[in-house]
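Novice: One structure follows; several queries about it will come next.
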Amino acid sequence: QVHLVESGGGSVQAGGSLRLSCAASGYINSSAMGWFRQVPGKEREGVANINNSGGNTYYCDSVKGRFTISRDNAKNTLYLQMNSLKPEDTGMYYCAASIYSWLGPPAALRTYEYSYWGQGTQVTVSS
């Protein structure tokens with residue numbers, strides 16, 4: 001069983017930065033992991049994905065060049081560095097772990113490919 005806890009969310013002005021963390025209990029070194037976000041009334045969307053070793057990453061088009069996903073398997077922690085934030089980045093951000101070690105696109109950003117989810121951390125970007 002894998003338990004995920006996100007942190008690092010908050011309120012920031014447009015152009016600012018935040019770094020999200022996802023601490024995992026349970027073995028995740030063999031799991032691909034992802035970050036997703038959701039706003040009320042909309043479906044949860046995939047933001048970024050990373051394979052089990054950290055050597056492969058994938059991003060949705062809207063965050064490419066601004067967000068960076070990374071992981072530290074020794075610390076059982078997943079990160080999302082978010083720079084040049086925009087108001088449309090506002091939402092609840094969730095981390096997730098898959099039973100697969102690697103997910104290629106487009107599976108990498110599909111919610112049903114992930115079995116374990118955190119409770120989320122809120123990100124609010126004001127203009």
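How things are named: the first chain in the structure tokens is A, the next is B, and so on; residues count from 1 in each chain; ligands count from 1 in the order shown.
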List the neighbours of segment 22-32 of chain A out to 6 Å using only C-alpha atoms; skip same-chain residues closer than 4 positions along the sequence, and give me the result as a PDB file with N, CA, C and O atoms, in the first residue's frame.
Specialist:
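As written to disk, part_30.pdb reads:
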```
ATOM      1  N   VAL A   2       0.517   2.233  -0.774  1.00  0.00           N
ATOM      2  CA  VAL A   2       1.256   3.485  -0.876  1.00  0.00           C
ATOM      3  C   VAL A   2       0.375   4.618  -0.371  1.00  0.00           C
ATOM      4  O   VAL A   2      -0.784   4.751  -0.763  1.00  0.00           O
ATOM      5  N   HIS A   3       0.949   5.438   0.500  1.00  0.00           N
ATOM      6  CA  HIS A   3       0.234   6.604   1.025  1.00  0.00           C
ATOM      7  C   HIS A   3       0.988   7.854   0.599  1.00  0.00           C
ATOM      8  O   HIS A   3       2.209   7.942   0.786  1.00  0.00           O
ATOM      9  N   LEU A   4       0.276   8.816  -0.003  1.00  0.00           N
ATOM     10  CA  LEU A   4       0.901  10.010  -0.567  1.00  0.00           C
ATOM     11  C   LEU A   4       0.371  11.268   0.124  1.00  0.00           C
ATOM     12  O   LEU A   4      -0.847  11.396   0.321  1.00  0.00           O
ATOM     13  N   VAL A   5       1.279  12.179   0.460  1.00  0.00           N
ATOM     14  CA  VAL A   5       0.893  13.425   1.105  1.00  0.00           C
ATOM     15  C   VAL A   5       1.575  14.597   0.391  1.00  0.00           C
ATOM     16  O   VAL A   5       2.807  14.689   0.388  1.00  0.00           O
ATOM     17  N   GLU A   6       0.765  15.483  -0.177  1.00  0.00           N
ATOM     18  CA  GLU A   6       1.284  16.653  -0.883  1.00  0.00           C
ATOM     19  C   GLU A   6       1.470  17.825   0.078  1.00  0.00           C
ATOM     20  O   GLU A   6       0.754  17.942   1.081  1.00  0.00           O
ATOM     21  N   ILE A  50       6.640  11.189 -14.482  1.00  0.00           N
ATOM     22  CA  ILE A  50       8.054  10.807 -14.428  1.00  0.00           C
ATOM     23  C   ILE A  50       8.138   9.299 -14.225  1.00  0.00           C
ATOM     24  O   ILE A  50       7.331   8.716 -13.493  1.00  0.00           O
ATOM     25  N   ASN A  51       9.096   8.673 -14.884  1.00  0.00           N
ATOM     26  CA  ASN A  51       9.207   7.225 -14.733  1.00  0.00           C
ATOM     27  C   ASN A  51       9.899   6.873 -13.417  1.00  0.00           C
ATOM     28  O   ASN A  51      10.305   7.753 -12.658  1.00  0.00           O
ATOM     29  N   ASN A  52      10.026   5.592 -13.134  1.00  0.00           N
ATOM     30  CA  ASN A  52      10.486   5.168 -11.815  1.00  0.00           C
ATOM     31  C   ASN A  52      11.896   5.638 -11.488  1.00  0.00           C
ATOM     32  O   ASN A  52      12.201   5.967 -10.343  1.00  0.00           O
ATOM     33  N   ASN A  73      14.280   9.222  -4.987  1.00  0.00           N
ATOM     34  CA  ASN A  73      13.838   7.909  -4.513  1.00  0.00           C
ATOM     35  C   ASN A  73      14.423   7.558  -3.141  1.00  0.00           C
ATOM     36  O   ASN A  73      13.820   6.806  -2.387  1.00  0.00           O
ATOM     37  N   ASN A  76      11.985   9.055  -0.970  1.00  0.00           N
ATOM     38  CA  ASN A  76      10.582   8.709  -1.270  1.00  0.00           C
ATOM     39  C   ASN A  76       9.736   9.956  -1.516  1.00  0.00           C
ATOM     40  O   ASN A  76       8.602  10.068  -1.018  1.00  0.00           O
ATOM     41  N   THR A  77      10.277  10.879  -2.278  1.00  0.00           N
ATOM     42  CA  THR A  77       9.605  12.162  -2.480  1.00  0.00           C
ATOM     43  C   THR A  77       9.570  12.541  -3.950  1.00  0.00           C
ATOM     44  O   THR A  77      10.558  12.380  -4.667  1.00  0.00           O
ATOM     45  N   LEU A  78       8.433  13.062  -4.365  1.00  0.00           N
ATOM     46  CA  LEU A  78       8.208  13.578  -5.708  1.00  0.00           C
ATOM     47  C   LEU A  78       8.083  15.092  -5.616  1.00  0.00           C
ATOM     48  O   LEU A  78       7.519  15.612  -4.642  1.00  0.00           O
ATOM     49  N   SER A  98       1.665   5.049  -9.952  1.00  0.00           N
ATOM     50  CA  SER A  98       1.155   3.984 -10.812  1.00  0.00           C
ATOM     51  C   SER A  98       1.758   2.644 -10.405  1.00  0.00           C
ATOM     52  O   SER A  98       2.803   2.590  -9.758  1.00  0.00           O
ATOM     53  N   ILE A  99       1.109   1.559 -10.822  1.00  0.00           N
ATOM     54  CA  ILE A  99       1.711   0.246 -10.604  1.00  0.00           C
ATOM     55  C   ILE A  99       2.740  -0.061 -11.688  1.00  0.00           C
ATOM     56  O   ILE A  99       3.465  -1.044 -11.595  1.00  0.00           O
ATOM     57  N   TYR A 100       2.795   0.790 -12.704  1.00  0.00           N
ATOM     58  CA  TYR A 100       3.743   0.609 -13.785  1.00  0.00           C
ATOM     59  C   TYR A 100       4.981   1.465 -13.549  1.00  0.00           C
ATOM     60  O   TYR A 100       4.902   2.538 -12.955  1.00  0.00           O
ATOM     61  N   SER A 101       6.122   0.999 -14.061  1.00  0.00           N
ATOM     62  CA  SER A 101       7.355   1.754 -13.861  1.00  0.00           C
ATOM     63  C   SER A 101       7.512   2.886 -14.863  1.00  0.00           C
ATOM     64  O   SER A 101       8.249   3.840 -14.629  1.00  0.00           O
ATOM     65  N   TRP A 102       6.803   2.764 -15.982  1.00  0.00           N
ATOM     66  CA  TRP A 102       6.898   3.789 -17.017  1.00  0.00           C
ATOM     67  C   TRP A 102       5.577   3.852 -17.760  1.00  0.00           C
ATOM     68  O   TRP A 102       4.975   2.823 -18.083  1.00  0.00           O
TER      69      TRP A 102
END
```
Novice: Which residues are close to Ser126 of chain A, i.e. within 7 Å by only C-alpha atoms, leaving aside same-chain residues fewer than 4 positions away? Reply as number ranges by chain.
Specialist: A: 12-14, 87
Novice: Write out the residues from the selection above, keeping C-alpha atoms, as a PDB file, in the first residue's frame.
Specialist:
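Saved as again34.pdb:
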```pdb
ATOM      1  CA  VAL A  12       1.175  33.519  -5.380  1.00  0.00           C
ATOM      2  CA  GLN A  13       0.997  36.309  -7.903  1.00  0.00           C
ATOM      3  CA  ALA A  14       1.292  35.674 -11.604  1.00  0.00           C
ATOM      4  CA  PRO A  87      -3.836  32.399 -13.159  1.00  0.00           C
TER       5      PRO A  87
END
```
Novice: Figure out the distance between atom CA of Tyr79 of chain A and atom CA of Tyr116 of chain A, please, to one decimal in Å.
Specialist: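 Pair atom CA of Tyr116 of chain A / atom CA of Tyr79 of chain A returns 16.1 Å.
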Novice: Using only C-alpha atoms, pick whichever of A:Val125, A:Val63, A:Tyr58, A:Thr68 has the shortest atom-to-atom distance to Leu109 of chain A.
Specialist: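 Nearest to Leu109 of chain A: A:Tyr58.
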Novice: Can you list every residue in chain A that DSSP puts in helix (DSSP H, G or I), as a short mmCIF file (atom, residue, chain, number, x, y, z; two decimals) with N, CA and C atoms, in the first residue's frame?
Specialist:
```cif
data_model
loop_
_atom_site.label_atom_id
_atom_site.label_comp_id
_atom_site.auth_asym_id
_atom_site.auth_seq_id
_atom_site.Cartn_x
_atom_site.Cartn_y
_atom_site.Cartn_z
N ASP A 61 1.01 20.25 -22.61
CA ASP A 61 1.51 21.38 -23.40
C ASP A 61 1.49 22.70 -22.64
N SER A 62 0.49 22.88 -21.80
CA SER A 62 0.32 24.18 -21.15
C SER A 62 1.38 24.49 -20.10
N VAL A 63 2.15 23.49 -19.67
CA VAL A 63 3.16 23.76 -18.64
C VAL A 63 4.58 23.52 -19.13
N PRO A 87 -2.55 32.62 -13.84
CA PRO A 87 -3.84 32.40 -13.16
C PRO A 87 -4.50 31.08 -13.55
N GLU A 88 -4.31 30.66 -14.79
CA GLU A 88 -4.93 29.41 -15.24
C GLU A 88 -4.26 28.17 -14.64
N ASP A 89 -3.17 28.35 -13.91
CA ASP A 89 -2.56 27.23 -13.18
C ASP A 89 -3.24 26.97 -11.84
N ALA A 107 -0.75 7.82 -22.21
CA ALA A 107 -1.15 7.18 -20.95
C ALA A 107 -0.58 7.90 -19.73
N ALA A 108 0.57 8.54 -19.91
CA ALA A 108 1.26 9.17 -18.78
C ALA A 108 0.40 10.17 -18.04
N LEU A 109 -0.57 10.76 -18.71
CA LEU A 109 -1.37 11.82 -18.10
C LEU A 109 -2.83 11.41 -17.94
N THR A 111 -5.72 9.69 -15.74
CA THR A 111 -5.93 9.41 -14.31
C THR A 111 -6.08 7.91 -14.05
N TYR A 112 -6.69 7.17 -14.95
CA TYR A 112 -6.97 5.76 -14.67
C TYR A 112 -5.73 4.87 -14.72
N GLU A 113 -4.59 5.44 -15.12
CA GLU A 113 -3.35 4.67 -15.11
C GLU A 113 -2.68 4.69 -13.73
#
```
Novice: Name all residues at most 8 Å from Gly15 of chain A (count only C-alpha atoms; drop same-chain ones fewer than 2 positions away) and give them as number ranges by chain.
Specialist: A: 13, 17, 83-86
Novice: Considering only C-alpha atoms, return as an MDAnalysis selection string whatever protein or nucleic-acid residues lie within 7 Å of segment 37-45 of chain A, sequence-local ones (same chain, fewer than 6 positions apart) excluded.
Specialist: chainID A and resid 91:94
Novice: Would you mind exporting N, CA, C and O atoms of the selected residues as a compact mmCIF listing (two decimals), in the first residue's frame?
Specialist:
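Contents of again-v9.txt, freshly written:
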```txt
# COMPACT_ATOMS: atom_id res chain seq x y z
N GLY A 91 -5.58 25.68 -9.03
CA GLY A 91 -6.31 24.44 -8.87
C GLY A 91 -5.78 23.63 -7.70
O GLY A 91 -4.81 24.02 -7.05
N MET A 92 -6.44 22.52 -7.45
CA MET A 92 -5.97 21.56 -6.46
C MET A 92 -5.01 20.62 -7.17
O MET A 92 -5.36 20.04 -8.20
N TYR A 93 -3.81 20.49 -6.63
CA TYR A 93 -2.80 19.66 -7.25
C TYR A 93 -2.65 18.36 -6.48
O TYR A 93 -2.52 18.36 -5.24
N TYR A 94 -2.67 17.26 -7.22
CA TYR A 94 -2.59 15.93 -6.65
C TYR A 94 -1.37 15.18 -7.18
O TYR A 94 -1.06 15.29 -8.37
```
Novice: Can you tell me how far atom CA of Ser115 of chain A sits from atom CA of Gly65 of chain A, in Å to one decimal?
Specialist: 27.6 Å
Novice: Going by DSSP on the backbone, which residues of segment 3-127 of chain A come out as strand (DSSP E)? List them as number ranges by chain.
Specialist: A: 3-7, 10-13, 18-25, 33-38, 45-50, 57-59, 67-72, 77-82, 91-97, 116-117, 121-126
Novice: Can you write out the residues you just picked, keeping C-alpha atoms, as a PDB file, in the first residue's frame?
Specialist:
```pdb
ATOM      1  CA  HIS A   3       0.234   6.604   1.025  1.00  0.00           C
ATOM      2  CA  LEU A   4       0.901  10.010  -0.567  1.00  0.00           C
ATOM      3  CA  VAL A   5       0.893  13.425   1.105  1.00  0.00           C
ATOM      4  CA  GLU A   6       1.284  16.653  -0.883  1.00  0.00           C
ATOM      5  CA  SER A   7       2.601  19.946   0.469  1.00  0.00           C
ATOM      6  CA  GLY A  10      -0.230  28.381  -1.532  1.00  0.00           C
ATOM      7  CA  SER A  11      -1.172  31.711  -3.030  1.00  0.00           C
ATOM      8  CA  VAL A  12       1.175  33.519  -5.380  1.00  0.00           C
ATOM      9  CA  GLN A  13       0.997  36.309  -7.903  1.00  0.00           C
ATOM     10  CA  LEU A  18       6.057  27.397  -6.063  1.00  0.00           C
ATOM     11  CA  ARG A  19       7.572  24.010  -5.349  1.00  0.00           C
ATOM     12  CA  LEU A  20       5.240  21.170  -4.541  1.00  0.00           C
ATOM     13  CA  SER A  21       6.366  18.067  -2.710  1.00  0.00           C
ATOM     14  CA  CYS A  22       4.758  14.671  -2.383  1.00  0.00           C
ATOM     15  CA  ALA A  23       5.989  12.453   0.428  1.00  0.00           C
ATOM     16  CA  ALA A  24       5.322   8.766   0.000  1.00  0.00           C
ATOM     17  CA  SER A  25       5.138   5.976   2.496  1.00  0.00           C
ATOM     18  CA  MET A  33       4.437   9.002 -10.733  1.00  0.00           C
ATOM     19  CA  GLY A  34       2.497  12.010 -11.843  1.00  0.00           C
ATOM     20  CA  TRP A  35       1.078  15.376 -10.910  1.00  0.00           C
ATOM     21  CA  PHE A  36      -2.503  16.258 -11.731  1.00  0.00           C
ATOM     22  CA  ARG A  37      -4.670  19.292 -11.094  1.00  0.00           C
ATOM     23  CA  GLN A  38      -8.351  19.988 -10.853  1.00  0.00           C
ATOM     24  CA  GLU A  45      -6.082  16.846 -15.824  1.00  0.00           C
ATOM     25  CA  GLY A  46      -2.590  15.449 -16.069  1.00  0.00           C
ATOM     26  CA  VAL A  47       0.224  17.954 -15.664  1.00  0.00           C
ATOM     27  CA  ALA A  48       3.449  15.945 -15.581  1.00  0.00           C
ATOM     28  CA  ASN A  49       4.728  12.399 -15.336  1.00  0.00           C
ATOM     29  CA  ILE A  50       8.054  10.807 -14.428  1.00  0.00           C
ATOM     30  CA  THR A  57       9.469  12.921 -18.033  1.00  0.00           C
ATOM     31  CA  TYR A  58       6.388  14.110 -19.869  1.00  0.00           C
ATOM     32  CA  TYR A  59       4.360  17.310 -19.611  1.00  0.00           C
ATOM     33  CA  PHE A  67       7.167  23.251 -14.742  1.00  0.00           C
ATOM     34  CA  THR A  68       9.731  20.599 -13.853  1.00  0.00           C
ATOM     35  CA  ILE A  69       8.903  17.241 -12.301  1.00  0.00           C
ATOM     36  CA  SER A  70      11.590  15.372 -10.376  1.00  0.00           C
ATOM     37  CA  ARG A  71      11.933  12.702  -7.745  1.00  0.00           C
ATOM     38  CA  ASP A  72      14.309  11.634  -5.008  1.00  0.00           C
ATOM     39  CA  THR A  77       9.605  12.162  -2.480  1.00  0.00           C
ATOM     40  CA  LEU A  78       8.208  13.578  -5.708  1.00  0.00           C
ATOM     41  CA  TYR A  79       8.529  17.262  -6.623  1.00  0.00           C
ATOM     42  CA  LEU A  80       6.972  19.753  -8.989  1.00  0.00           C
ATOM     43  CA  GLN A  81       8.825  23.015  -9.507  1.00  0.00           C
ATOM     44  CA  MET A  82       6.421  25.569 -10.958  1.00  0.00           C
ATOM     45  CA  GLY A  91      -6.310  24.440  -8.872  1.00  0.00           C
ATOM     46  CA  MET A  92      -5.966  21.562  -6.464  1.00  0.00           C
ATOM     47  CA  TYR A  93      -2.795  19.660  -7.250  1.00  0.00           C
ATOM     48  CA  TYR A  94      -2.591  15.930  -6.645  1.00  0.00           C
ATOM     49  CA  CYS A  95       0.296  13.500  -6.846  1.00  0.00           C
ATOM     50  CA  ALA A  96      -0.293   9.935  -7.926  1.00  0.00           C
ATOM     51  CA  ALA A  97       1.593   6.664  -8.209  1.00  0.00           C
ATOM     52  CA  TYR A 116      -2.666   5.707  -5.529  1.00  0.00           C
ATOM     53  CA  TRP A 117      -3.567   9.327  -4.898  1.00  0.00           C
ATOM     54  CA  THR A 121      -2.640  20.805  -2.113  1.00  0.00           C
ATOM     55  CA  GLN A 122      -4.235  24.052  -3.297  1.00  0.00           C
ATOM     56  CA  VAL A 123      -2.429  26.420  -5.642  1.00  0.00           C
ATOM     57  CA  THR A 124      -3.907  29.849  -6.270  1.00  0.00           C
ATOM     58  CA  VAL A 125      -2.353  32.266  -8.749  1.00  0.00           C
ATOM     59  CA  SER A 126      -3.675  35.804  -8.820  1.00  0.00           C
TER      60      SER A 126
END
```
Novice: Nearest to Ser127 of chain A among A:Lys75, A:Leu103, A:Gly16, A:Gly54, with distances taken over only C-alpha atoms: which residue is it?
Specialist: A:Gly16
